[in-house]
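Chemist: Sharing run11.cif here; it has mmCIF, C-alpha atoms.
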```
data_final
loop_
_atom_site.group_PDB
_atom_site.id
_atom_site.type_symbol
_atom_site.label_atom_id
_atom_site.label_comp_id
_atom_site.auth_asym_id
_atom_site.auth_seq_id
_atom_site.Cartn_x
_atom_site.Cartn_y
_atom_site.Cartn_z
ATOM 1 C CA MET A 1 -0.555 -37.687 -19.287
ATOM 2 C CA SER A 2 -4.135 -38.471 -18.279
ATOM 3 C CA LEU A 3 -6.578 -35.799 -17.156
ATOM 4 C CA PHE A 4 -6.516 -37.349 -13.680
ATOM 5 C CA ASP A 5 -2.723 -36.975 -13.550
ATOM 6 C CA GLN A 6 -2.902 -33.351 -14.715
ATOM 7 C CA ILE A 7 -5.429 -32.504 -12.001
ATOM 8 C CA LEU A 8 -3.464 -34.461 -9.414
ATOM 9 C CA ASN A 9 -0.220 -32.685 -10.327
ATOM 10 C CA ARG A 10 -1.830 -29.242 -10.003
ATOM 11 C CA LEU A 11 -3.233 -30.219 -6.608
ATOM 12 C CA LYS A 12 0.115 -31.597 -5.448
ATOM 13 C CA ILE A 13 1.939 -28.442 -6.518
ATOM 14 C CA PHE A 14 -0.686 -26.168 -4.970
ATOM 15 C CA LEU A 15 -0.618 -28.033 -1.657
ATOM 16 C CA ASN A 16 3.124 -28.722 -1.802
ATOM 17 C CA ILE A 17 2.525 -32.464 -1.406
ATOM 18 C CA GLU A 18 4.489 -35.159 -3.220
ATOM 19 C CA LYS A 19 2.733 -38.463 -2.491
ATOM 20 C CA ASP A 20 -0.544 -39.718 -3.914
ATOM 21 C CA SER A 21 -1.280 -41.322 -0.549
ATOM 22 C CA ASP A 22 -1.122 -37.926 1.184
ATOM 23 C CA ILE A 23 -3.537 -36.450 -1.375
ATOM 24 C CA ALA A 24 -5.859 -39.444 -0.931
ATOM 25 C CA GLN A 25 -5.828 -38.893 2.825
ATOM 26 C CA LEU A 26 -6.596 -35.173 2.438
ATOM 27 C CA LEU A 27 -9.464 -36.054 0.121
ATOM 28 C CA GLY A 28 -10.791 -38.469 2.749
ATOM 29 C CA MET A 29 -10.211 -41.548 0.612
ATOM 30 C CA ALA A 30 -8.493 -44.866 1.150
ATOM 31 C CA GLN A 31 -5.315 -45.225 -0.907
ATOM 32 C CA SER A 32 -6.784 -48.226 -2.749
ATOM 33 C CA THR A 33 -9.953 -46.313 -3.691
ATOM 34 C CA PHE A 34 -7.874 -43.362 -4.872
ATOM 35 C CA ALA A 35 -5.630 -45.670 -6.937
ATOM 36 C CA SER A 36 -8.700 -47.282 -8.484
ATOM 37 C CA ARG A 37 -10.098 -43.854 -9.445
ATOM 38 C CA LYS A 38 -6.703 -42.937 -10.898
ATOM 39 C CA GLN A 39 -6.691 -46.101 -12.993
ATOM 40 C CA ARG A 40 -10.172 -45.244 -14.314
ATOM 41 C CA ASN A 41 -9.085 -41.611 -14.985
ATOM 42 C CA SER A 42 -11.941 -40.423 -12.761
ATOM 43 C CA PHE A 43 -10.836 -37.649 -10.412
ATOM 44 C CA PRO A 44 -12.916 -37.449 -7.197
ATOM 45 C CA GLU A 45 -14.317 -33.949 -7.739
ATOM 46 C CA GLU A 46 -16.800 -34.154 -4.864
ATOM 47 C CA ASN A 47 -13.978 -35.058 -2.477
ATOM 48 C CA LEU A 48 -12.026 -32.017 -3.674
ATOM 49 C CA LYS A 49 -15.076 -29.799 -3.114
ATOM 50 C CA GLU A 50 -15.455 -31.262 0.363
ATOM 51 C CA LEU A 51 -11.779 -30.510 1.099
ATOM 52 C CA ILE A 52 -12.351 -26.905 -0.004
ATOM 53 C CA ARG A 53 -15.373 -26.660 2.325
ATOM 54 C CA ARG A 54 -13.605 -28.406 5.217
ATOM 55 C CA GLU A 55 -10.317 -26.493 4.983
ATOM 56 C CA PRO A 56 -11.067 -23.093 3.430
ATOM 57 C CA TRP A 57 -7.851 -21.642 4.848
ATOM 58 C CA ARG A 58 -5.977 -23.509 2.108
ATOM 59 C CA GLU A 59 -7.584 -21.117 -0.436
ATOM 60 C CA ILE A 60 -7.860 -23.830 -3.104
ATOM 61 C CA ASP A 61 -9.245 -22.612 -6.434
ATOM 62 C CA TYR A 62 -11.430 -25.501 -7.615
ATOM 63 C CA GLN A 63 -11.477 -24.397 -11.257
ATOM 64 C CA PHE A 64 -7.697 -23.978 -11.366
ATOM 65 C CA ILE A 65 -7.114 -27.451 -9.956
ATOM 66 C CA MET A 66 -9.606 -28.989 -12.390
ATOM 67 C CA THR A 67 -8.685 -27.022 -15.543
ATOM 68 C CA GLY A 68 -5.369 -25.252 -15.025
ATOM 69 C CA LYS A 69 -7.070 -21.860 -15.497
ATOM 70 C CA LEU A 70 -7.813 -19.475 -12.626
ATOM 71 C CA SER A 71 -11.493 -19.038 -11.898
ATOM 72 C CA THR A 72 -13.112 -15.649 -12.351
ATOM 73 C CA PHE A 73 -13.749 -15.751 -8.603
ATOM 74 C CA GLU A 74 -10.046 -16.147 -7.859
ATOM 75 C CA GLU A 75 -9.027 -13.447 -10.350
ATOM 76 C CA ILE A 76 -11.372 -10.972 -8.627
ATOM 77 C CA ASN A 77 -10.267 -12.186 -5.194
ATOM 78 C CA ARG A 78 -6.586 -11.653 -6.032
ATOM 79 C CA ARG A 79 -7.162 -8.185 -7.490
ATOM 80 C CA LEU A 80 -9.179 -7.201 -4.402
ATOM 81 C CA LYS A 81 -6.379 -8.374 -2.103
ATOM 82 C CA LYS A 82 -3.818 -6.522 -4.201
ATOM 83 C CA VAL A 83 -5.563 -3.136 -4.195
ATOM 84 C CA SER A 84 -6.955 -3.274 -0.664
ATOM 85 C CA GLY A 85 -4.012 -4.808 1.172
ATOM 86 C CA LEU A 86 -6.098 -7.707 2.456
ATOM 87 C CA ALA A 87 -3.715 -10.577 3.189
ATOM 88 C CA ASN A 88 -5.883 -13.684 2.892
ATOM 89 C CA ASP A 89 -9.394 -15.013 2.377
ATOM 90 C CA LEU A 90 -10.265 -14.573 6.059
ATOM 91 C CA ASP A 91 -9.509 -10.851 5.712
ATOM 92 C CA VAL A 92 -11.667 -10.724 2.563
ATOM 93 C CA ILE A 93 -14.540 -12.485 4.360
ATOM 94 C CA ARG A 94 -14.372 -9.968 7.217
ATOM 95 C CA ALA A 95 -14.108 -7.005 4.832
ATOM 96 C CA LEU A 96 -17.084 -8.149 2.759
ATOM 97 C CA ASP A 97 -19.063 -8.876 5.934
ATOM 98 C CA ILE A 98 -20.174 -12.321 4.756
ATOM 99 C CA THR A 99 -19.887 -15.746 6.340
ATOM 100 C CA GLY A 100 -17.098 -18.169 5.605
ATOM 101 C CA ASP A 101 -19.656 -20.645 4.258
ATOM 102 C CA GLU A 102 -21.026 -18.030 1.843
ATOM 103 C CA PHE A 103 -17.503 -17.247 0.653
ATOM 104 C CA VAL A 104 -16.570 -20.904 0.150
ATOM 105 C CA GLN A 105 -19.808 -21.608 -1.713
ATOM 106 C CA ALA A 106 -19.180 -18.565 -3.921
ATOM 107 C CA ARG A 107 -15.683 -19.927 -4.651
ATOM 108 C CA LEU A 108 -17.109 -23.338 -5.595
ATOM 109 C CA ASP A 109 -19.829 -21.713 -7.742
ATOM 110 C CA ASN A 110 -17.242 -19.363 -9.311
ATOM 111 C CA LEU A 111 -19.478 -16.393 -8.439
ATOM 112 C CA PHE A 112 -17.716 -13.676 -6.454
ATOM 113 C CA PRO A 113 -20.124 -11.912 -4.035
ATOM 114 C CA ILE A 114 -20.328 -8.695 -6.068
ATOM 115 C CA PRO A 115 -23.018 -6.967 -3.917
ATOM 116 C CA ALA A 116 -20.823 -7.401 -0.824
ATOM 117 C CA LEU A 117 -17.801 -6.190 -2.816
ATOM 118 C CA TYR A 118 -19.763 -3.140 -3.966
ATOM 119 C CA ASN A 119 -20.764 -2.324 -0.369
ATOM 120 C CA TYR A 120 -17.164 -2.732 0.802
ATOM 121 C CA ILE A 121 -15.733 -0.464 -1.886
ATOM 122 C CA ASN A 122 -18.423 2.185 -1.388
ATOM 123 C CA ASN A 123 -17.486 2.404 2.280
ATOM 124 C CA SER A 124 -16.022 5.890 2.704
ATOM 125 C CA THR A 125 -12.578 4.544 3.631
ATOM 126 C CA HIS A 126 -12.320 2.458 0.429
ATOM 127 C CA LYS A 127 -13.622 4.844 -2.244
ATOM 128 C CA LYS A 128 -10.222 4.967 -3.937
ATOM 129 C CA ILE A 129 -10.504 1.292 -4.920
ATOM 130 C CA ASN A 130 -11.583 0.994 -8.556
ATOM 131 C CA LEU A 131 -14.511 -1.451 -8.652
ATOM 132 C CA ASP A 132 -14.198 -1.868 -12.432
ATOM 133 C CA TYR A 133 -10.560 -2.908 -12.033
ATOM 134 C CA VAL A 134 -11.314 -5.373 -9.233
ATOM 135 C CA ILE A 135 -14.093 -7.009 -11.241
ATOM 136 C CA SER A 136 -12.682 -6.886 -14.773
ATOM 137 C CA GLY A 137 -8.957 -6.326 -14.391
ATOM 138 C CA LYS A 138 -9.206 -3.277 -16.656
ATOM 139 C CA THR A 139 -8.008 0.046 -15.320
ATOM 140 C CA ALA A 140 -10.063 2.314 -17.561
ATOM 141 C CA THR A 141 -12.652 1.956 -20.261
ATOM 142 C CA VAL A 142 -12.926 4.125 -23.350
ATOM 143 C CA GLU A 143 -15.915 5.899 -21.790
ATOM 144 C CA GLN A 144 -13.814 6.847 -18.756
ATOM 145 C CA TYR A 145 -11.033 8.514 -20.751
ATOM 146 C CA GLY A 146 -13.119 11.657 -21.218
ATOM 147 C CA VAL A 147 -13.566 11.977 -17.458
ATOM 148 C CA HIS A 148 -9.837 11.467 -16.906
ATOM 149 C CA LEU A 149 -9.000 14.127 -19.498
ATOM 150 C CA ILE A 150 -11.361 16.609 -17.862
ATOM 151 C CA GLU A 151 -9.759 15.954 -14.461
ATOM 152 C CA MET A 152 -6.290 16.373 -15.963
ATOM 153 C CA LEU A 153 -7.276 19.636 -17.678
ATOM 154 C CA GLU A 154 -8.700 20.952 -14.404
ATOM 155 C CA LYS A 155 -5.418 20.145 -12.654
ATOM 156 C CA LEU A 156 -3.428 21.648 -15.515
ATOM 157 C CA ALA A 157 -5.412 24.894 -15.206
ATOM 158 C CA THR A 158 -4.198 25.329 -11.623
ATOM 159 C CA LEU A 159 -0.551 25.462 -12.758
ATOM 160 C CA SER A 160 1.427 28.465 -13.929
ATOM 161 C CA THR A 161 1.741 29.086 -17.680
ATOM 162 C CA GLU A 162 5.358 27.919 -17.616
ATOM 163 C CA GLU A 163 4.451 24.655 -15.819
ATOM 164 C CA GLN A 164 1.573 24.075 -18.239
ATOM 165 C CA LEU A 165 3.883 24.554 -21.224
ATOM 166 C CA ASN A 166 6.413 22.117 -19.734
ATOM 167 C CA ILE A 167 3.753 19.426 -19.257
ATOM 168 C CA ILE A 168 2.316 19.980 -22.745
ATOM 169 C CA GLN A 169 5.804 19.604 -24.247
ATOM 170 C CA GLN A 170 6.338 16.363 -22.302
ATOM 171 C CA VAL A 171 3.008 14.993 -23.550
ATOM 172 C CA ASN A 172 3.926 15.973 -27.125
ATOM 173 C CA ASN A 173 7.280 14.194 -26.752
ATOM 174 C CA LEU A 174 5.519 11.062 -25.462
ATOM 175 C CA TYR A 175 3.055 11.205 -28.356
ATOM 176 C CA ALA A 176 5.916 11.520 -30.875
ATOM 177 C CA LEU A 177 7.682 8.547 -29.278
ATOM 178 C CA HIS A 178 4.426 6.570 -29.350
ATOM 179 C CA SER A 179 4.018 7.352 -33.066
ATOM 180 C CA ILE A 180 7.570 6.163 -33.788
ATOM 181 C CA VAL A 181 6.982 2.912 -31.894
ATOM 182 C CA ASN A 182 3.718 2.281 -33.748
ATOM 183 C CA ALA A 183 5.362 3.026 -37.104
ATOM 184 C CA SER A 184 8.159 0.564 -36.367
ATOM 185 C CA LYS A 185 5.592 -2.107 -35.437
ATOM 186 C CA THR A 186 3.835 -1.770 -38.789
ATOM 187 C CA THR A 187 7.081 -2.059 -40.758
ATOM 188 C CA ASN A 188 8.096 -5.279 -38.968
#
```
When written as C-alpha cells, how does the structure in this file appear?

Modeler:
Amino acid sequence: MSLFDQILNRLKIFLNIEKDSDIAQLLGMAQSTFASRKQRNSFPEENLKELIRREPWREIDYQFIMTGKLSTFEEINRRLKKVSGLANDLDVIRALDITGDEFVQARLDNLFPIPALYNYINNSTHKKINLDYVISGKTATVEQYGVHLIEMLEKLATLSTEEQLNIIQQVNNLYALHSIVNASKTTN
C-alpha cells in the first residue's frame, strides 16, 4: 500500500467517508487532480492543512493523518479533556482563553499552548488538575514520591493506633504480593 493510500485511509476512517471523490471535495480539489496526485503518491498536505484551518470543529490531528501516530498536541489535548471534563476543542479554546486561530495553528505546529494551559490549571477552581500528567501523561515522578509519602504519613498520624496498624498491615500484604509477582516474573 502506498504512503498516499495509508494517509487517505486514515483520513477516510477519521472523517467516516468512503469515497475518494468526497475526500477530494473536502480538500478543495477536483477529482481528476486528486487522482493524479494519488497516482504520483503525492498527498496534498497543504490542502489537508487548509481543511483543518477551515473546519476546526472536525478536530483533525494532522500528524496522526500523515503518520498514524498521535501528535504531542493531541495527546495533551485529550488528557486535558479527560481530567477537566471539557467536551471538545471549542471548550478547550474557551478554557485556555485563546483564539480559535491560535489553537488551530498550535495544532498544525504540534505545539500545545502550554502558557495558556498553565494559567488555566492555576486558576483556583482547577488546582486539582495535575499539570505534569496533562503535559507528560505521567502521574508522578520519582521526585514527587517523597511528597506523597509525607502527605500519607500526615494523614496516617490523624488515625487511631488500631486504624494505623490495619493500614500498615494492608501495605505490608501488598508489598509481599508485589514481591511474589516480581519473583515470578524473573523466573519466567

Chemist: What would the selection look like, as a PDB file with C-alpha atoms, keeping the file's coordinate frame, if the PyMOL selection byres ((chain A and resi 69-86) around 9) were run on the coordinates I just shared?

Modeler:
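Just written: selection-v7.pdb:
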```pdb
ATOM      1  CA  ASP A  61      -9.245 -22.612  -6.434  1.00  0.00           C
ATOM      2  CA  TYR A  62     -11.430 -25.501  -7.615  1.00  0.00           C
ATOM      3  CA  GLN A  63     -11.477 -24.397 -11.257  1.00  0.00           C
ATOM      4  CA  PHE A  64      -7.697 -23.978 -11.366  1.00  0.00           C
ATOM      5  CA  ILE A  65      -7.114 -27.451  -9.956  1.00  0.00           C
ATOM      6  CA  MET A  66      -9.606 -28.989 -12.390  1.00  0.00           C
ATOM      7  CA  THR A  67      -8.685 -27.022 -15.543  1.00  0.00           C
ATOM      8  CA  GLY A  68      -5.369 -25.252 -15.025  1.00  0.00           C
ATOM      9  CA  ALA A  87      -3.715 -10.577   3.189  1.00  0.00           C
ATOM     10  CA  ASN A  88      -5.883 -13.684   2.892  1.00  0.00           C
ATOM     11  CA  ASP A  89      -9.394 -15.013   2.377  1.00  0.00           C
ATOM     12  CA  LEU A  90     -10.265 -14.573   6.059  1.00  0.00           C
ATOM     13  CA  ASP A  91      -9.509 -10.851   5.712  1.00  0.00           C
ATOM     14  CA  VAL A  92     -11.667 -10.724   2.563  1.00  0.00           C
ATOM     15  CA  ALA A  95     -14.108  -7.005   4.832  1.00  0.00           C
ATOM     16  CA  ALA A 106     -19.180 -18.565  -3.921  1.00  0.00           C
ATOM     17  CA  ARG A 107     -15.683 -19.927  -4.651  1.00  0.00           C
ATOM     18  CA  LEU A 108     -17.109 -23.338  -5.595  1.00  0.00           C
ATOM     19  CA  ASP A 109     -19.829 -21.713  -7.742  1.00  0.00           C
ATOM     20  CA  ASN A 110     -17.242 -19.363  -9.311  1.00  0.00           C
ATOM     21  CA  LEU A 111     -19.478 -16.393  -8.439  1.00  0.00           C
ATOM     22  CA  PHE A 112     -17.716 -13.676  -6.454  1.00  0.00           C
ATOM     23  CA  PRO A 113     -20.124 -11.912  -4.035  1.00  0.00           C
ATOM     24  CA  LEU A 117     -17.801  -6.190  -2.816  1.00  0.00           C
ATOM     25  CA  HIS A 126     -12.320   2.458   0.429  1.00  0.00           C
ATOM     26  CA  ILE A 129     -10.504   1.292  -4.920  1.00  0.00           C
ATOM     27  CA  ASN A 130     -11.583   0.994  -8.556  1.00  0.00           C
ATOM     28  CA  LEU A 131     -14.511  -1.451  -8.652  1.00  0.00           C
ATOM     29  CA  TYR A 133     -10.560  -2.908 -12.033  1.00  0.00           C
ATOM     30  CA  VAL A 134     -11.314  -5.373  -9.233  1.00  0.00           C
ATOM     31  CA  ILE A 135     -14.093  -7.009 -11.241  1.00  0.00           C
ATOM     32  CA  SER A 136     -12.682  -6.886 -14.773  1.00  0.00           C
ATOM     33  CA  GLY A 137      -8.957  -6.326 -14.391  1.00  0.00           C
TER      34      GLY A 137
END
```

Chemist: Would you list the contacts of Leu15 of chain A as a PDB file with C-alpha atoms, in the coordinates of the input, taking every protein, DNA or RNA residue within 12 Å and counting all atoms listed in the file, but skipping same-chain residues closer than 2 positions in sequence?

Modeler:
```pdb
ATOM      1  CA  LEU A   8      -3.464 -34.461  -9.414  1.00  0.00           C
ATOM      2  CA  ASN A   9      -0.220 -32.685 -10.327  1.00  0.00           C
ATOM      3  CA  ARG A  10      -1.830 -29.242 -10.003  1.00  0.00           C
ATOM      4  CA  LEU A  11      -3.233 -30.219  -6.608  1.00  0.00           C
ATOM      5  CA  LYS A  12       0.115 -31.597  -5.448  1.00  0.00           C
ATOM      6  CA  ILE A  13       1.939 -28.442  -6.518  1.00  0.00           C
ATOM      7  CA  ILE A  17       2.525 -32.464  -1.406  1.00  0.00           C
ATOM      8  CA  GLU A  18       4.489 -35.159  -3.220  1.00  0.00           C
ATOM      9  CA  LYS A  19       2.733 -38.463  -2.491  1.00  0.00           C
ATOM     10  CA  ASP A  20      -0.544 -39.718  -3.914  1.00  0.00           C
ATOM     11  CA  ASP A  22      -1.122 -37.926   1.184  1.00  0.00           C
ATOM     12  CA  ILE A  23      -3.537 -36.450  -1.375  1.00  0.00           C
ATOM     13  CA  LEU A  26      -6.596 -35.173   2.438  1.00  0.00           C
ATOM     14  CA  LEU A  51     -11.779 -30.510   1.099  1.00  0.00           C
ATOM     15  CA  ILE A  52     -12.351 -26.905  -0.004  1.00  0.00           C
ATOM     16  CA  GLU A  55     -10.317 -26.493   4.983  1.00  0.00           C
ATOM     17  CA  TRP A  57      -7.851 -21.642   4.848  1.00  0.00           C
ATOM     18  CA  ARG A  58      -5.977 -23.509   2.108  1.00  0.00           C
ATOM     19  CA  GLU A  59      -7.584 -21.117  -0.436  1.00  0.00           C
ATOM     20  CA  ILE A  60      -7.860 -23.830  -3.104  1.00  0.00           C
ATOM     21  CA  ASP A  61      -9.245 -22.612  -6.434  1.00  0.00           C
ATOM     22  CA  ILE A  65      -7.114 -27.451  -9.956  1.00  0.00           C
TER      23      ILE A  65
END
```

Chemist: Applying the PyMOL selection byres ((chain A and resi 45) around 10) to the file I just gave you, which residues come out? Please list them as a short mmCIF file (atom, residue, chain, number, x, y, z; two decimals) with C-alpha atoms, keeping the file's coordinate frame.

Modeler:
```
data_model
loop_
_atom_site.label_atom_id
_atom_site.label_comp_id
_atom_site.auth_asym_id
_atom_site.auth_seq_id
_atom_site.Cartn_x
_atom_site.Cartn_y
_atom_site.Cartn_z
CA ILE A 7 -5.43 -32.50 -12.00
CA LEU A 27 -9.46 -36.05 0.12
CA SER A 42 -11.94 -40.42 -12.76
CA PHE A 43 -10.84 -37.65 -10.41
CA PRO A 44 -12.92 -37.45 -7.20
CA GLU A 46 -16.80 -34.15 -4.86
CA ASN A 47 -13.98 -35.06 -2.48
CA LEU A 48 -12.03 -32.02 -3.67
CA LYS A 49 -15.08 -29.80 -3.11
CA GLU A 50 -15.46 -31.26 0.36
CA LEU A 51 -11.78 -30.51 1.10
CA TYR A 62 -11.43 -25.50 -7.62
CA ILE A 65 -7.11 -27.45 -9.96
CA MET A 66 -9.61 -28.99 -12.39
#
```

Chemist: Nearest residue to Met1 of chain A out of A:Gln105, A:Asn41, A:Gln164, A:Thr99, using only C-alpha atoms?

Modeler: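 For Met1 of chain A, the nearest of the candidates is A:Asn41.
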
Chemist: Nearest residue to Tyr120 of chain A out of A:Ser2, A:Leu96, A:Asp101, A:Arg40, using only C-alpha atoms?

Modeler: A:Leu96

Chemist: Would you work out the distance separating atom CA of Glu163 of chain A from atom CA of Asn182 of chain A, expressed in Å to one decimal?

Modeler: 28.7 Å

Chemist: For a test of reading the model, state the distance in Å between atom CA of Asn173 of chain A and atom CA of Leu156 of chain A, rounded to one decimal.

Modeler: 17.2 Å

Chemist: Figure out the distance between atom CA of Gln39 of chain A and atom CA of Phe4 of chain A, please, to one decimal in Å.

Modeler: 8.8 Å

Chemist: Just checking: using all atoms listed in the file, which residue out of A:Lys38, A:Asn119, A:Ala183, A:Thr139 ends up closest to Gln6 of chain A?

Modeler: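 Closest to Gln6 of chain A of all the choices is A:Lys38.
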
Chemist: Which is closer to Ala35 of chain A than all the others in A:Asp5, A:Ile168, A:Arg53, A:Lys138, using all atoms listed in the file?

Modeler: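 Result for the nearest residue to Ala35 of chain A: A:Asp5.
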